[in-house]
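S.K.: One file: data12.pdb (PDB, C-alpha atoms).
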```
ATOM      1  CA  MET A   9       4.507  -1.248 -12.965
ATOM      2  CA  LEU A  10       2.934  -3.582 -10.356
ATOM      3  CA  SER A  11       3.510  -7.066  -8.967
ATOM      4  CA  TYR A  12       1.863  -8.988  -6.151
ATOM      5  CA  ARG A  13       2.119 -12.130  -4.050
ATOM      6  CA  LEU A  14       0.558 -13.720  -0.985
ATOM      7  CA  GLU A  15       2.931 -14.116   1.932
ATOM      8  CA  HIS A  16       1.718 -15.510   5.273
ATOM      9  CA  GLU A  17      -1.873 -14.757   4.215
ATOM     10  CA  VAL A  18      -0.951 -11.116   3.553
ATOM     11  CA  LEU A  19      -1.421  -9.620   0.082
ATOM     12  CA  VAL A  20       1.861  -7.887  -0.782
ATOM     13  CA  ILE A  21       1.605  -5.465  -3.700
ATOM     14  CA  THR A  22       4.777  -3.873  -5.035
ATOM     15  CA  VAL A  23       4.560  -0.659  -7.031
ATOM     16  CA  GLU A  24       7.712  -0.789  -9.136
ATOM     17  CA  GLU A  25       7.477   2.460 -11.106
ATOM     18  CA  ASP A  26       5.735   5.778 -10.718
ATOM     19  CA  PRO A  27       2.844   5.751 -13.212
ATOM     20  CA  GLY A  28       2.911   9.480 -13.822
ATOM     21  CA  ILE A  29      -0.154  11.664 -13.501
ATOM     22  CA  GLY A  30      -1.844   9.975 -16.469
ATOM     23  CA  GLY A  31      -1.456   6.503 -14.944
ATOM     24  CA  ARG A  32      -2.440   7.353 -11.371
ATOM     25  CA  ALA A  33      -6.087   6.297 -11.679
ATOM     26  CA  ALA A  34      -5.161   3.064 -13.473
ATOM     27  CA  LEU A  35      -2.680   2.170 -10.732
ATOM     28  CA  ALA A  36      -5.223   2.888  -8.005
ATOM     29  CA  GLY A  37      -7.725   0.739  -9.901
ATOM     30  CA  ARG A  38      -5.309  -2.189 -10.204
ATOM     31  CA  ILE A  39      -4.518  -2.022  -6.488
ATOM     32  CA  THR A  40      -8.183  -1.866  -5.479
ATOM     33  CA  ASP A  41      -9.040  -4.747  -7.841
ATOM     34  CA  LEU A  42      -6.401  -6.891  -6.117
ATOM     35  CA  VAL A  43      -7.655  -5.846  -2.682
ATOM     36  CA  ASP A  44     -11.208  -6.700  -3.690
ATOM     37  CA  ALA A  45     -10.152 -10.113  -5.035
ATOM     38  CA  HIS A  46      -8.264 -10.932  -1.801
ATOM     39  CA  ARG A  47     -10.658  -9.164   0.544
ATOM     40  CA  ALA A  48     -10.031 -11.468   3.521
ATOM     41  CA  SER A  49      -6.318 -10.665   3.513
ATOM     42  CA  PRO A  50      -4.560  -7.668   5.012
ATOM     43  CA  VAL A  51      -2.613  -5.655   2.433
ATOM     44  CA  VAL A  52       0.951  -4.381   2.362
ATOM     45  CA  VAL A  53       1.835  -1.990  -0.461
ATOM     46  CA  VAL A  54       5.538  -1.614  -1.140
ATOM     47  CA  ILE A  55       6.558   1.560  -2.951
ATOM     48  CA  GLY A  56       9.806   0.797  -4.760
ATOM     49  CA  GLU A  57      12.553   3.379  -5.153
ATOM     50  CA  ARG A  58      11.648   4.083  -8.799
ATOM     51  CA  ALA A  59       7.986   4.484  -7.804
ATOM     52  CA  ALA A  60       8.535   7.106  -5.121
ATOM     53  CA  GLY A  61       6.729   9.882  -6.956
ATOM     54  CA  SER A  62       3.630  11.898  -6.277
ATOM     55  CA  ALA A  63       1.401   9.923  -8.655
ATOM     56  CA  ALA A  64       2.198   6.584  -6.978
ATOM     57  CA  VAL A  65       1.657   8.108  -3.544
ATOM     58  CA  SER A  66      -1.699   9.507  -4.646
ATOM     59  CA  ALA A  67      -2.763   6.098  -6.046
ATOM     60  CA  VAL A  68      -1.736   4.338  -2.832
ATOM     61  CA  LEU A  69      -3.679   6.841  -0.714
ATOM     62  CA  ARG A  70      -6.762   6.289  -2.900
ATOM     63  CA  ALA A  71      -6.379   2.538  -2.390
ATOM     64  CA  HIS A  72      -6.050   3.139   1.348
ATOM     65  CA  GLN A  73      -9.399   4.922   1.379
ATOM     66  CA  PHE A  74     -10.924   1.953  -0.469
ATOM     67  CA  CYS A  75      -9.445  -0.453   2.109
ATOM     68  CA  GLY A  76     -10.861   1.677   4.899
ATOM     69  CA  ARG A  77     -14.359   1.418   3.436
ATOM     70  CA  LEU A  78     -13.991  -2.382   3.259
ATOM     71  CA  GLY A  79     -12.463  -2.671   6.720
ATOM     72  CA  VAL A  80      -9.266  -4.162   5.264
ATOM     73  CA  LEU A  81      -6.009  -3.428   7.084
ATOM     74  CA  MET A  82      -3.493  -1.737   4.792
ATOM     75  CA  SER A  83       0.142  -0.886   5.468
ATOM     76  CA  VAL A  84       2.665   0.828   3.236
ATOM     77  CA  VAL A  85       6.414   0.257   3.010
ATOM     78  CA  THR A  86       8.959   2.697   1.657
ATOM     79  CA  HIS A  87      12.642   3.147   2.390
ATOM     80  CA  SER A  88      12.344   6.915   2.017
ATOM     81  CA  ALA A  89      11.900   8.721   5.345
ATOM     82  CA  SER A  90      10.484  11.805   3.620
ATOM     83  CA  LEU A  91       7.960   9.688   1.734
ATOM     84  CA  ARG A  92       6.930   7.933   4.978
ATOM     85  CA  ARG A  93       6.274  11.353   6.566
ATOM     86  CA  LEU A  94       4.277  12.473   3.521
ATOM     87  CA  LEU A  95       2.143   9.306   3.539
ATOM     88  CA  ARG A  96       1.412   9.626   7.260
ATOM     89  CA  ALA A  97       0.499  13.301   6.964
ATOM     90  CA  ASP A  98      -1.753  12.873   3.929
ATOM     91  CA  ALA A  99      -3.486   9.778   5.298
ATOM     92  CA  ASP A 100      -4.078  11.452   8.662
ATOM     93  CA  SER A 101      -5.661  14.445   6.971
ATOM     94  CA  ARG A 102      -8.311  12.103   5.581
ATOM     95  CA  GLY A 103      -9.166  10.668   9.011
ATOM     96  CA  LEU A 104      -7.898   7.163   8.210
ATOM     97  CA  ARG A 105      -5.056   5.495  10.058
ATOM     98  CA  LEU A 106      -2.300   4.304   7.751
ATOM     99  CA  VAL A 107       0.570   2.247   9.108
ATOM    100  CA  VAL A 108       3.802   3.106   7.293
ATOM    101  CA  HIS A 109       6.946   0.985   7.630
ATOM    102  CA  ALA A 110      10.544   1.161   6.479
ATOM    103  CA  ARG A 111      10.893  -2.640   6.147
ATOM    104  CA  VAL A 112       8.795  -5.179   4.263
ATOM    105  CA  ASP A 113       9.300  -8.024   6.753
ATOM    106  CA  THR A 114       8.090  -5.857   9.634
ATOM    107  CA  ALA A 115       4.992  -4.791   7.697
ATOM    108  CA  ILE A 116       4.098  -8.364   6.739
ATOM    109  CA  SER A 117       4.589  -9.797  10.231
ATOM    110  CA  GLY A 118       2.645  -6.924  11.794
ATOM    111  CA  SER A 119      -0.218  -7.312   9.327
ATOM    112  CA  PHE A 120      -0.331 -11.068   9.819
ATOM    113  CA  ALA A 121      -0.381 -10.684  13.611
ATOM    114  CA  ALA A 122      -3.093  -8.023  13.484
ATOM    115  CA  ALA A 123      -5.302 -10.217  11.300
ATOM    116  CA  ALA A 124      -4.914 -13.294  13.497
TER     117      ALA A 124
END
```
If you took the structure in this file and wrote it as structure tokens, what would it be?
M.R.:
Amino acid sequence: MLSYRLEHEVLVITVEEDPGIGGRAALAGRITDLVDAHRASPVVVVIGERAAGSAAVSAVLRAHQFCGRLGVLMSVVTHSASLRRLLRADADSRGLRLVVHARVDTAISGSFAAAA
């Protein structure tokens, strides 16, 4: 369901499958645990094609709120234009700025530059 790596001092978390409504809280918890463990690093969450469901989006937005409270920069990557619009709209409604990208390399380089 989830994998992660450090790339250029950026924590890259990939959500590989939508957890379904029952797994949404567990996914959000796993993401926030990783963020907490790597607190000094900016975070890029990649939502894979099979994960592009409402439960994964909800978990990522919960993790974004957690990052905001910690002052940790978080970006999200998805290839889906409609999902990018949904993430931006839902994050903006909560008063937190979420940077959403279409490409992983752009998100990582931007996060690395912003943290430098």
S.K.: Name every residue that the PyMOL selection byres ((chain A and resi 24) around 9) selects in this structure, writing the answer as a ChimeraX atom specification with chains first and numbers rising.
M.R.: /A:9-11,22-23,25-26,54-60
S.K.: Env of Ala63 (chain A): 6 Å cut, atoms = only C-alpha atoms, seq-sep filter 5 positions within chain, self excluded. Answer as a ChimeraX atom specification.
M.R.: /A:28-29,32
S.K.: For the residues in that selection, give me C-alpha atoms as a PDB file, in the coordinates of the input.
M.R.:
```pdb
ATOM      1  CA  GLY A  28       2.911   9.480 -13.822  1.00  0.00           C
ATOM      2  CA  ILE A  29      -0.154  11.664 -13.501  1.00  0.00           C
ATOM      3  CA  ARG A  32      -2.440   7.353 -11.371  1.00  0.00           C
TER       4      ARG A  32
END
```
S.K.: Which residues are close to Val20 (chain A), i.e. within 10 Å by all atoms listed in the file, leaving aside same-chain residues fewer than 4 positions away? Reply as a ChimeraX atom specification.
M.R.: /A:11-16,42-43,49-54,82-84,112,115-116
S.K.: How many Å lie between CA of Val68 (chain A) and CA of Ala122 (chain A), rounded to one decimal?
M.R.: 20.5 Å
S.K.: Take the PyMOL selection byres ((chain A and resi 66) around 10), run it mentally on this structure, and tell me the resulting residues as a list in words.
M.R.: Ile29, Arg32, Ala33, Leu35, Ala36, Gly61, Ser62, Ala63, Ala64, Val65, Ala67, Val68, Leu69, Arg70, Ala71, His72, Leu95 and Asp98 of chain A
S.K.: Measuring atom to atom with all atoms listed in the file, identify which of A:Ala45, A:Ala99, A:Val80, A:Val18 is nearest to Gly118 (chain A).
M.R.: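 Answer, going by the shortest atom-to-atom distance: A:Val18.
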S.K.: Listed atoms of region 65-81 of chain A, axis-aligned box, 8 Å per side: centre and edge lengths to one decimal in Å, as AutoDock Vina command-line options?
M.R.:
```
--center_x -6.4 --center_y 2.7 --center_z 0.5 --size_x 32.0 --size_y 29.7 --size_z 29.1
```
S.K.: What does the distance from CA of Ser90 (chain A) to CA of Glu17 (chain A) come to in Å, to one decimal?
M.R.: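 Going from CA of Ser90 (chain A) over to CA of Glu17 (chain A) covers 29.3 Å.
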S.K.: Counting all atoms listed in the file, which of A:Arg38, A:Ile21, A:His46, A:Phe120 gets nearest to Leu78 (chain A)?
M.R.: A:His46
S.K.: In Å, with one decimal, what is the gap from CA of Ser119 (chain A) to CA of Leu81 (chain A)?
M.R.: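 Separation between CA of Ser119 (chain A) and CA of Leu81 (chain A): 7.3 Å.
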S.K.: Given the choices A:Arg77, A:Leu91, A:Ala97, A:Ser117, which gets closest to Leu19 (chain A) if the distance is worked out from all atoms listed in the file?
M.R.: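 Of all the options, A:Ser117 lies closest to Leu19 (chain A).
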